[in-house]
Each structure stands twice: as structure tokens, then as C-alpha cells.
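Containing compact mmCIF, C-alpha atoms and all ligand atoms: coords-v4.txt.
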# COMPACT_ATOMS: atom_id res chain seq x y z
CA MET A 191 -139.79 16.39 66.23
CA THR A 192 -139.25 12.64 65.95
CA GLN A 193 -142.21 10.47 65.02
CA ARG A 194 -140.71 7.04 65.57
CA VAL A 195 -143.25 4.66 67.02
CA CYS A 196 -142.32 2.79 70.20
CA PRO A 197 -141.64 -0.85 69.16
CA TRP A 198 -144.05 -3.42 70.61
CA TRP A 199 -141.35 -5.24 72.60
CA LEU A 200 -140.56 -2.04 74.51
CA GLY A 201 -144.11 -2.29 75.82
CA TYR A 202 -142.94 -4.99 78.26
CA LEU A 203 -140.39 -2.62 79.76
CA LEU A 204 -142.89 0.26 79.96
CA ALA A 205 -145.37 -1.96 81.81
CA SER A 206 -142.77 -3.23 84.26
CA PRO A 207 -143.63 -2.94 87.98
CA LEU A 208 -140.25 -1.27 88.55
CA ARG A 209 -141.54 1.82 86.73
CA GLN A 210 -144.07 2.30 89.54
CA LEU A 211 -141.22 3.39 91.79
CA MET A 212 -140.79 6.52 89.63
CA GLN A 213 -144.23 7.00 88.07
CA ASP A 214 -146.81 5.53 90.45
CA PRO A 215 -150.01 5.28 88.34
CA ARG A 216 -152.29 5.83 91.35
CA LYS A 217 -150.47 9.01 92.38
CA VAL A 218 -150.46 10.27 88.79
CA LEU A 219 -154.16 9.55 88.12
CA ALA A 220 -156.12 9.61 91.38
CA PRO A 221 -156.48 13.42 91.52
CA TYR A 222 -158.45 13.41 88.24
CA VAL A 223 -160.36 10.14 87.85
CA ARG A 224 -163.60 9.34 89.70
CA GLU A 225 -165.85 6.32 89.91
CA GLY A 226 -168.28 6.00 87.01
CA MET A 227 -166.26 8.14 84.58
CA THR A 228 -165.76 7.41 80.89
CA VAL A 229 -162.05 7.75 80.22
CA LEU A 230 -160.06 7.79 76.98
CA GLU A 231 -156.51 6.51 76.88
CA PRO A 232 -154.87 6.92 73.48
CA ALA A 233 -151.65 4.89 73.29
CA PRO A 234 -151.99 2.66 76.34
CA GLY A 235 -149.16 0.37 75.23
CA MET A 236 -149.41 -2.77 77.38
CA GLY A 237 -151.46 -0.92 79.97
CA PHE A 238 -149.10 0.49 82.59
CA PHE A 239 -151.68 3.23 83.35
CA THR A 240 -154.77 1.45 81.98
CA LEU A 241 -155.22 -0.97 84.87
CA GLU A 242 -155.17 1.87 87.39
CA LEU A 243 -157.62 3.88 85.26
CA ALA A 244 -159.94 0.84 85.28
CA ARG A 245 -159.65 0.53 89.06
CA LEU A 246 -160.40 4.22 89.57
CA VAL A 247 -163.48 4.32 87.28
CA GLY A 248 -164.86 1.28 89.12
CA PRO A 249 -167.47 -1.19 87.90
CA THR A 250 -169.76 1.56 86.55
CA GLY A 251 -167.06 3.32 84.56
CA ARG A 252 -165.33 2.60 81.25
CA VAL A 253 -161.85 3.02 79.80
CA VAL A 254 -161.47 3.26 76.01
CA ALA A 255 -157.88 2.33 75.12
CA VAL A 256 -156.80 3.12 71.54
CA ASP A 257 -153.46 2.03 70.11
CA ILE A 258 -152.05 1.43 66.63
CA GLN A 259 -150.30 -1.81 67.63
CA PRO A 260 -152.58 -4.83 68.15
CA ARG A 261 -149.76 -6.61 70.03
CA MET A 262 -149.80 -3.87 72.68
CA LEU A 263 -153.57 -4.24 73.06
CA SER A 264 -153.60 -8.03 73.27
CA ARG A 265 -151.02 -7.93 76.07
CA LEU A 266 -153.01 -5.18 77.80
CA LYS A 267 -156.15 -7.34 77.64
CA ALA A 268 -154.33 -10.37 79.04
CA ARG A 269 -153.00 -8.31 81.95
CA ALA A 270 -156.45 -6.80 82.62
CA ALA A 271 -158.14 -10.22 82.49
CA ARG A 272 -155.69 -11.59 85.03
CA VAL A 273 -156.76 -9.00 87.61
CA GLY A 274 -160.48 -9.04 86.75
CA LEU A 275 -160.64 -5.61 85.10
CA LEU A 276 -161.19 -6.51 81.46
CA ASP A 277 -164.94 -5.81 81.50
CA ARG A 278 -164.24 -2.10 82.18
CA ILE A 279 -161.82 -1.72 79.28
CA GLU A 280 -162.68 -1.38 75.60
CA THR A 281 -159.72 -1.66 73.21
CA ARG A 282 -159.61 -0.22 69.70
CA VAL A 283 -156.99 -0.38 66.97
CA ALA A 284 -156.30 3.02 65.39
CA THR A 285 -154.31 4.11 62.35
CA PRO A 286 -151.32 6.43 62.92
CA THR A 287 -153.17 9.43 61.44
CA ILE A 288 -156.62 8.99 62.99
CA MET A 289 -158.01 7.33 66.11
CA GLY A 290 -161.50 6.94 64.66
CA ILE A 291 -163.44 7.89 67.78
CA THR A 292 -166.26 9.98 66.30
CA ASN A 293 -168.84 7.77 68.01
CA LEU A 294 -167.48 8.96 71.39
CA SER A 295 -168.34 12.58 70.58
CA GLY A 296 -168.91 14.62 73.77
CA THR A 297 -168.82 11.58 76.10
CA ILE A 298 -165.26 11.52 77.45
CA GLU A 299 -164.71 12.93 80.96
CA PHE A 300 -160.95 12.45 81.22
CA THR A 301 -158.16 11.64 78.78
CA LEU A 302 -154.66 10.41 79.52
CA ALA A 303 -152.12 10.97 76.72
CA PHE A 304 -148.84 9.74 78.17
CA ALA A 305 -145.67 9.46 76.06
CA LEU A 306 -147.62 9.61 72.82
CA VAL A 307 -147.78 12.98 71.10
CA HIS A 308 -144.15 12.95 69.88
CA GLU A 309 -145.06 9.72 68.02
CA VAL A 310 -148.13 11.01 66.14
CA PRO A 311 -147.67 12.41 62.62
CA ALA A 312 -149.98 15.41 63.26
CA ALA A 313 -150.49 16.65 66.82
CA GLY A 314 -153.21 19.07 65.64
CA THR A 315 -155.38 16.24 64.31
CA PHE A 316 -154.78 14.21 67.47
CA PHE A 317 -155.80 17.01 69.88
CA ALA A 318 -158.80 17.89 67.67
CA GLU A 319 -160.03 14.29 67.98
CA VAL A 320 -159.62 14.35 71.76
CA ALA A 321 -161.42 17.72 71.93
CA MET A 322 -164.31 16.39 69.85
CA ALA A 323 -164.65 13.32 72.08
CA SER A 324 -164.47 15.33 75.34
CA LYS A 325 -167.36 16.77 77.35
CA PRO A 326 -167.01 20.47 78.20
CA GLY A 327 -164.94 20.65 81.40
CA ALA A 328 -163.31 17.26 80.80
CA GLY A 329 -159.69 16.89 81.87
CA LEU A 330 -156.73 15.97 79.67
CA LEU A 331 -153.48 14.93 81.31
CA PHE A 332 -150.82 15.27 78.67
CA ALA A 333 -147.27 14.11 79.45
CA GLU A 334 -144.14 13.48 77.42
CA PRO A 335 -140.84 11.79 78.35
CA ALA A 336 -138.22 14.41 79.21
CA GLY A 337 -135.48 12.27 77.63
CA HIS A 338 -137.16 12.14 74.20
CA VAL A 339 -138.91 15.49 74.02
CA THR A 340 -137.24 18.84 74.63
CA THR A 341 -138.92 21.53 76.70
CA ALA A 342 -139.32 23.65 73.56
CA ASN A 343 -140.99 20.81 71.66
CA PHE A 344 -143.30 20.08 74.60
CA GLU A 345 -144.36 23.73 74.69
CA THR A 346 -145.08 23.60 70.94
CA GLU A 347 -147.24 20.49 71.46
CA LEU A 348 -149.01 22.25 74.33
CA GLU A 349 -149.78 25.27 72.12
CA THR A 350 -151.33 22.86 69.63
CA ALA A 351 -153.56 21.43 72.36
CA LEU A 352 -154.64 24.93 73.41
CA HIS A 353 -155.58 25.76 69.81
CA ALA A 354 -157.68 22.59 69.61
CA GLY A 355 -160.00 23.78 72.41
CA PHE A 356 -158.29 23.13 75.73
CA GLU A 357 -157.14 25.50 78.44
CA LEU A 358 -154.15 25.01 80.71
CA VAL A 359 -155.11 24.43 84.35
CA GLY A 360 -151.94 22.99 85.87
CA ARG A 361 -148.43 21.66 85.53
CA PRO A 362 -148.34 18.43 87.56
CA ALA A 363 -144.92 17.17 88.58
CA ILE A 364 -144.30 13.69 87.13
CA HIS A 365 -140.88 12.08 87.35
CA HIS A 366 -138.76 12.41 84.20
CA SER A 367 -141.67 13.98 82.30
CA HIS A 368 -143.02 17.22 80.94
CA ALA A 369 -146.67 17.36 81.98
CA ALA A 370 -149.70 19.61 81.65
CA LEU A 371 -153.26 19.32 82.93
CA LEU A 372 -155.74 20.77 80.46
CA MET A 373 -159.49 21.31 80.50
CA ARG A 374 -161.87 21.15 77.54
CA THR A 375 -163.40 24.62 77.14
C1 LIG B 1 -143.94 5.14 74.40
S1 LIG B 1 -145.36 4.11 74.30
C2 LIG B 1 -146.28 4.73 75.71
C3 LIG B 1 -147.24 3.72 76.26
C4 LIG B 1 -147.99 4.17 77.52
N1 LIG B 1 -148.72 5.40 77.31
C5 LIG B 1 -147.04 4.31 78.67
O1 LIG B 1 -146.75 5.44 79.12
O2 LIG B 1 -146.57 3.26 79.15
C6 LIG B 1 -146.22 4.83 72.94
C7 LIG B 1 -147.48 4.09 72.51
O3 LIG B 1 -148.14 4.90 71.55
C8 LIG B 1 -148.69 4.08 70.55
N2 LIG B 1 -148.96 4.94 69.40
C9 LIG B 1 -148.06 5.51 68.57
N3 LIG B 1 -148.68 6.29 67.66
C10 LIG B 1 -150.01 6.22 67.95
C11 LIG B 1 -151.17 6.82 67.38
N4 LIG B 1 -151.09 7.62 66.33
N5 LIG B 1 -152.38 6.54 67.93
C12 LIG B 1 -152.48 5.71 69.01
N6 LIG B 1 -151.40 5.12 69.59
C13 LIG B 1 -150.20 5.36 69.06
C14 LIG B 1 -147.62 3.03 70.36
O4 LIG B 1 -148.11 1.90 69.71
C15 LIG B 1 -147.23 2.76 71.82
O5 LIG B 1 -148.07 1.79 72.40
Mind turning this structure into C-alpha cells?
Amino acid sequence: MTQRVCPWWLGYLLASPLRQLMQDPRKVLAPYVREGMTVLEPAPGMGFFTLELARLVGPTGRVVAVDIQPRMLSRLKARAARVGLLDRIETRVATPTIMGITNLSGTIEFTLAFALVHEVPAAGTFFAEVAMASKPGAGLLFAEPAGHVTTANFETELETALHAGFELVGRPAIHHSHAALLMRT
């Protein structure tokens, strides 16, 4: 599996409004995210999904967005500030091998991991961190780009998630993506 990290400048393309025509963030996220939730988004990039997560959790909810590239996070914050959502979003800079989210232990109610896992050096460590941060019953929507990740590699990543303490509850259809909905056991 390739572990090349998405360059920061590609973040502009990934956050482009044109992408909404194929991957509408509201349609992707609304079935799983409720007002007041605490949500984890590893690898938000410049926030294509983050702004919608912040809208869905509402003023009483919180989105924790963790990325290894500060440039992605500063652009995300600027975009969120422009639409009045910054106070619902906490950003954190991670290292490639560890997110450093032990203080979230058992608090997360939903996690979005979109187009990330093929970039992390150790998927097992990544899913173990998400499992540790998640409440029992919390959802994890895990998706990978079909162009970059083969079906076989996606299934291997999924097995890793299941071993970390998640169970498979669905296979949502998302344009040009492999996707799985998991639940923390
Ligand atoms: C392909 S982009 C996807 C961005 C966003 N999820 C989206 O779908 O638009 C991958 C993102 O993962 C981040 N990333 C790569 N490795 C990471 C890691 N180990 N922990 C957190 N973020 C990481 C990159 O900096 C980049 O912002």
C-alpha cells in the first residue's frame, strides 16, 4: 500500500465546491451526525467535510479535526471563521505515527476517516486510537478513494479496523469511493 501524504496544495482542490456535485457532504454525513455530538475527524485537509460536520453538531456540539499538516488546518480555520463555525471546531496537529488523542478517551460519538488510511504508516495504530477515543456504540465512517486504493487493499484496511474493536454495520454508497460504516463494540 502507498503511504504518500497528500501535498498541502492539493487541499485546495479537495475543498473545491465542484466536489460537492459528486460527494455532497450533507448527504454523506447527515444519516450519522446529530446535534450536540462530539465528532472526531482525522485528516480533515482544508475542511471539505469539516464545515458540514460543524453545522450538523450545532452550537452545542464539537468537531475535533486532527491533521499532520498545519497548512491544511490554518486554511480550514479560515474557511470555518468565514461562515461563523470556528467556535465548534478544535484543530490539532498530529505526527504521522500518532494522533495524540488520549485525552478524548471514550468521548467520541462519531468519527469520519475519509481518504486517509492509505496515507498512515500503520493502520492498526490509527484504528486503535480511534477505538480508544470512541464511546461504545459510536459510529466510524471509513472511506477511501477508489482510484488510489484497490478493493483488496480496502478490505485489508477494513479487517484492521474490525480487529481494533469495531463491527461492520453497513456499506454506504459514496461516489468514487470504497466505504464502510462501523460501530465501536
Ligand atoms: C487526501 S487528503 C483528504 C482530506 C479530507 N479528508 C478530504 O476528503 O477532503 C489526506 C489528508 O490526510 C492528512 N494526513 C495524512 N497522514 C495523516 C496522519 N497520519 N494523521 C492525520 N492526518 C494525516 C493529510 O495531511 C491530508 O490533509
Selection near segment 341-351 of chain A, 9 Å with only C-alpha atoms, sequence-local residues under 3 positions removed, as an NGL selection string: :A and (191 or 307-308 or 313-314 or 316-318 or 321 or 332-334 or 336 or 354-358 or 368-370 or 372)
Neighbourhood of ligand LIG 1 (chain B) at 9 Å, counting only C-alpha atoms and all ligand atoms, reported as JSON, numbers by chain: {"A": [193, 194, 195, 196, 197, 198, 200, 201, 203, 204, 205, 231, 232, 233, 234, 235, 236, 237, 238, 239, 240, 255, 256, 257, 258, 259, 260, 261, 262, 263, 283, 284, 285, 286, 287, 288, 289, 302, 303, 304, 305, 306, 307, 308, 309, 310, 311, 312, 316, 333, 334, 335]}
Cut-off 12 Å around (-164.9, 6.7, 67.3) with all atoms listed in the file: residues as number ranges by chain: A: 230, 232, 254-256, 280-285, 288-298, 319-320, 322-324
Distance of atom CA of Asp277 of chain A from atom CA of Val223 of chain A, expressed in Å to one decimal place: 17.8 Å
Residue neighbourhood Gly248 of chain A, 9 Å, all atoms listed in the file, exclusion window fewer than 5 positions, as a PyMOL selection string: chain A and resi 224-227+243+278
Best match for closeness to Ser264 of chain A among A:Ile279, A:Ala328, A:Val218, A:Leu211, counting all atoms listed in the file: A:Ile279
Shortest interatomic distance to Phe300 of chain A - which of A:His338, A:Arg265, A:His353, A:Arg374, counting only C-alpha atoms: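 For Phe300 of chain A, the nearest of the given residues is A:Arg374.
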Residue nearest Lys325 of chain A - candidates A:Val253, A:Ala270, A:Ala220, A:Met373, atoms counted: only C-alpha atoms: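 Residue with the minimum atom-to-atom distance to Lys325 of chain A: A:Met373.
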Interatomic distance (Å, one decimal) between atom CA of Lys217 of chain A and atom CA of Leu331 of chain A: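 We find that atom CA of Lys217 of chain A and atom CA of Leu331 of chain A lie 12.9 Å from each other.
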One-decimal distance in Å that lies between atom CA of Asp214 of chain A and atom CA of Gly327 of chain A: 25.3 Å
Residue among A:Leu371, A:Leu330, A:Ala268, A:Leu276 lying closest to Glu299 of chain A, counting only C-alpha atoms: A:Leu330
Incomplete segment 216-245 of chain A filled out to N, CA and C atoms as a PDB file, keeping the file's coordinate frame:
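What follows is the written file result34.pdb:
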ATOM      1  N   ARG A 216    -151.230   5.322  90.467  1.00  0.00           N
ATOM      2  CA  ARG A 216    -152.290   5.830  91.350  1.00  0.00           C
ATOM      3  C   ARG A 216    -152.037   7.299  91.706  1.00  0.00           C
ATOM      4  N   LYS A 217    -150.783   7.621  92.029  1.00  0.00           N
ATOM      5  CA  LYS A 217    -150.470   9.010  92.380  1.00  0.00           C
ATOM      6  C   LYS A 217    -150.671   9.938  91.187  1.00  0.00           C
ATOM      7  N   VAL A 218    -150.322   9.446  89.996  1.00  0.00           N
ATOM      8  CA  VAL A 218    -150.460  10.270  88.790  1.00  0.00           C
ATOM      9  C   VAL A 218    -151.934  10.529  88.472  1.00  0.00           C
ATOM     10  N   LEU A 219    -152.785   9.489  88.657  1.00  0.00           N
ATOM     11  CA  LEU A 219    -154.160   9.550  88.120  1.00  0.00           C
ATOM     12  C   LEU A 219    -155.246   9.880  89.135  1.00  0.00           C
ATOM     13  N   ALA A 220    -155.031   9.493  90.399  1.00  0.00           N
ATOM     14  CA  ALA A 220    -156.120   9.610  91.380  1.00  0.00           C
ATOM     15  C   ALA A 220    -156.680  11.025  91.538  1.00  0.00           C
ATOM     16  N   PRO A 221    -155.874  12.086  91.369  1.00  0.00           N
ATOM     17  CA  PRO A 221    -156.480  13.420  91.520  1.00  0.00           C
ATOM     18  C   PRO A 221    -157.548  13.744  90.466  1.00  0.00           C
ATOM     19  N   TYR A 222    -157.597  13.006  89.368  1.00  0.00           N
ATOM     20  CA  TYR A 222    -158.450  13.410  88.240  1.00  0.00           C
ATOM     21  C   TYR A 222    -159.552  12.416  87.885  1.00  0.00           C
ATOM     22  N   VAL A 223    -159.436  11.174  88.335  1.00  0.00           N
ATOM     23  CA  VAL A 223    -160.360  10.140  87.850  1.00  0.00           C
ATOM     24  C   VAL A 223    -161.279   9.685  88.984  1.00  0.00           C
ATOM     25  N   ARG A 224    -162.580   9.706  88.699  1.00  0.00           N
ATOM     26  CA  ARG A 224    -163.600   9.340  89.700  1.00  0.00           C
ATOM     27  C   ARG A 224    -164.383   8.121  89.231  1.00  0.00           C
ATOM     28  N   GLU A 225    -165.018   7.480  90.208  1.00  0.00           N
ATOM     29  CA  GLU A 225    -165.850   6.320  89.910  1.00  0.00           C
ATOM     30  C   GLU A 225    -166.962   6.694  88.922  1.00  0.00           C
ATOM     31  N   GLY A 226    -167.189   5.815  87.973  1.00  0.00           N
ATOM     32  CA  GLY A 226    -168.280   6.000  87.010  1.00  0.00           C
ATOM     33  C   GLY A 226    -167.885   6.787  85.767  1.00  0.00           C
ATOM     34  N   MET A 227    -166.678   7.318  85.730  1.00  0.00           N
ATOM     35  CA  MET A 227    -166.260   8.140  84.580  1.00  0.00           C
ATOM     36  C   MET A 227    -166.042   7.298  83.321  1.00  0.00           C
ATOM     37  N   THR A 228    -166.181   7.975  82.177  1.00  0.00           N
ATOM     38  CA  THR A 228    -165.760   7.410  80.890  1.00  0.00           C
ATOM     39  C   THR A 228    -164.445   8.072  80.523  1.00  0.00           C
ATOM     40  N   VAL A 229    -163.411   7.250  80.392  1.00  0.00           N
ATOM     41  CA  VAL A 229    -162.050   7.750  80.220  1.00  0.00           C
ATOM     42  C   VAL A 229    -161.487   7.266  78.886  1.00  0.00           C
ATOM     43  N   LEU A 230    -160.737   8.142  78.235  1.00  0.00           N
ATOM     44  CA  LEU A 230    -160.060   7.790  76.980  1.00  0.00           C
ATOM     45  C   LEU A 230    -158.566   7.703  77.248  1.00  0.00           C
ATOM     46  N   GLU A 231    -157.972   6.596  76.794  1.00  0.00           N
ATOM     47  CA  GLU A 231    -156.510   6.510  76.880  1.00  0.00           C
ATOM     48  C   GLU A 231    -155.932   6.179  75.506  1.00  0.00           C
ATOM     49  N   PRO A 232    -155.590   7.211  74.722  1.00  0.00           N
ATOM     50  CA  PRO A 232    -154.870   6.920  73.480  1.00  0.00           C
ATOM     51  C   PRO A 232    -153.476   6.411  73.842  1.00  0.00           C
ATOM     52  N   ALA A 233    -153.009   5.408  73.107  1.00  0.00           N
ATOM     53  CA  ALA A 233    -151.650   4.890  73.290  1.00  0.00           C
ATOM     54  C   ALA A 233    -151.401   4.259  74.658  1.00  0.00           C
ATOM     55  N   PRO A 234    -152.203   3.284  75.025  1.00  0.00           N
ATOM     56  CA  PRO A 234    -151.990   2.660  76.340  1.00  0.00           C
ATOM     57  C   PRO A 234    -150.763   1.762  76.393  1.00  0.00           C
ATOM     58  N   GLY A 235    -150.207   1.378  75.209  1.00  0.00           N
ATOM     59  CA  GLY A 235    -149.160   0.370  75.230  1.00  0.00           C
ATOM     60  C   GLY A 235    -149.716  -0.898  75.860  1.00  0.00           C
ATOM     61  N   MET A 236    -148.944  -1.527  76.729  1.00  0.00           N
ATOM     62  CA  MET A 236    -149.410  -2.770  77.380  1.00  0.00           C
ATOM     63  C   MET A 236    -150.175  -2.480  78.672  1.00  0.00           C
ATOM     64  N   GLY A 237    -150.494  -1.222  78.914  1.00  0.00           N
ATOM     65  CA  GLY A 237    -151.460  -0.920  79.970  1.00  0.00           C
ATOM     66  C   GLY A 237    -150.891  -0.513  81.308  1.00  0.00           C
ATOM     67  N   PHE A 238    -149.680   0.068  81.314  1.00  0.00           N
ATOM     68  CA  PHE A 238    -149.100   0.490  82.590  1.00  0.00           C
ATOM     69  C   PHE A 238    -150.083   1.393  83.364  1.00  0.00           C
ATOM     70  N   PHE A 239    -150.713   2.341  82.681  1.00  0.00           N
ATOM     71  CA  PHE A 239    -151.680   3.230  83.350  1.00  0.00           C
ATOM     72  C   PHE A 239    -153.115   2.700  83.253  1.00  0.00           C
ATOM     73  N   THR A 240    -153.384   1.866  82.262  1.00  0.00           N
ATOM     74  CA  THR A 240    -154.770   1.450  81.980  1.00  0.00           C
ATOM     75  C   THR A 240    -155.398   0.699  83.159  1.00  0.00           C
ATOM     76  N   LEU A 241    -154.634  -0.183  83.783  1.00  0.00           N
ATOM     77  CA  LEU A 241    -155.220  -0.970  84.870  1.00  0.00           C
ATOM     78  C   LEU A 241    -155.635  -0.070  86.026  1.00  0.00           C
ATOM     79  N   GLU A 242    -154.812   0.943  86.310  1.00  0.00           N
ATOM     80  CA  GLU A 242    -155.170   1.870  87.390  1.00  0.00           C
ATOM     81  C   GLU A 242    -156.381   2.719  86.994  1.00  0.00           C
ATOM     82  N   LEU A 243    -156.431   3.138  85.728  1.00  0.00           N
ATOM     83  CA  LEU A 243    -157.620   3.880  85.260  1.00  0.00           C
ATOM     84  C   LEU A 243    -158.868   3.024  85.478  1.00  0.00           C
ATOM     85  N   ALA A 244    -158.775   1.735  85.138  1.00  0.00           N
ATOM     86  CA  ALA A 244    -159.940   0.840  85.280  1.00  0.00           C
ATOM     87  C   ALA A 244    -160.330   0.668  86.747  1.00  0.00           C
ATOM     88  N   ARG A 245    -159.331   0.625  87.624  1.00  0.00           N
ATOM     89  CA  ARG A 245    -159.650   0.530  89.060  1.00  0.00           C
ATOM     90  C   ARG A 245    -160.360   1.792  89.520  1.00  0.00           C
TER      91      ARG A 245
END
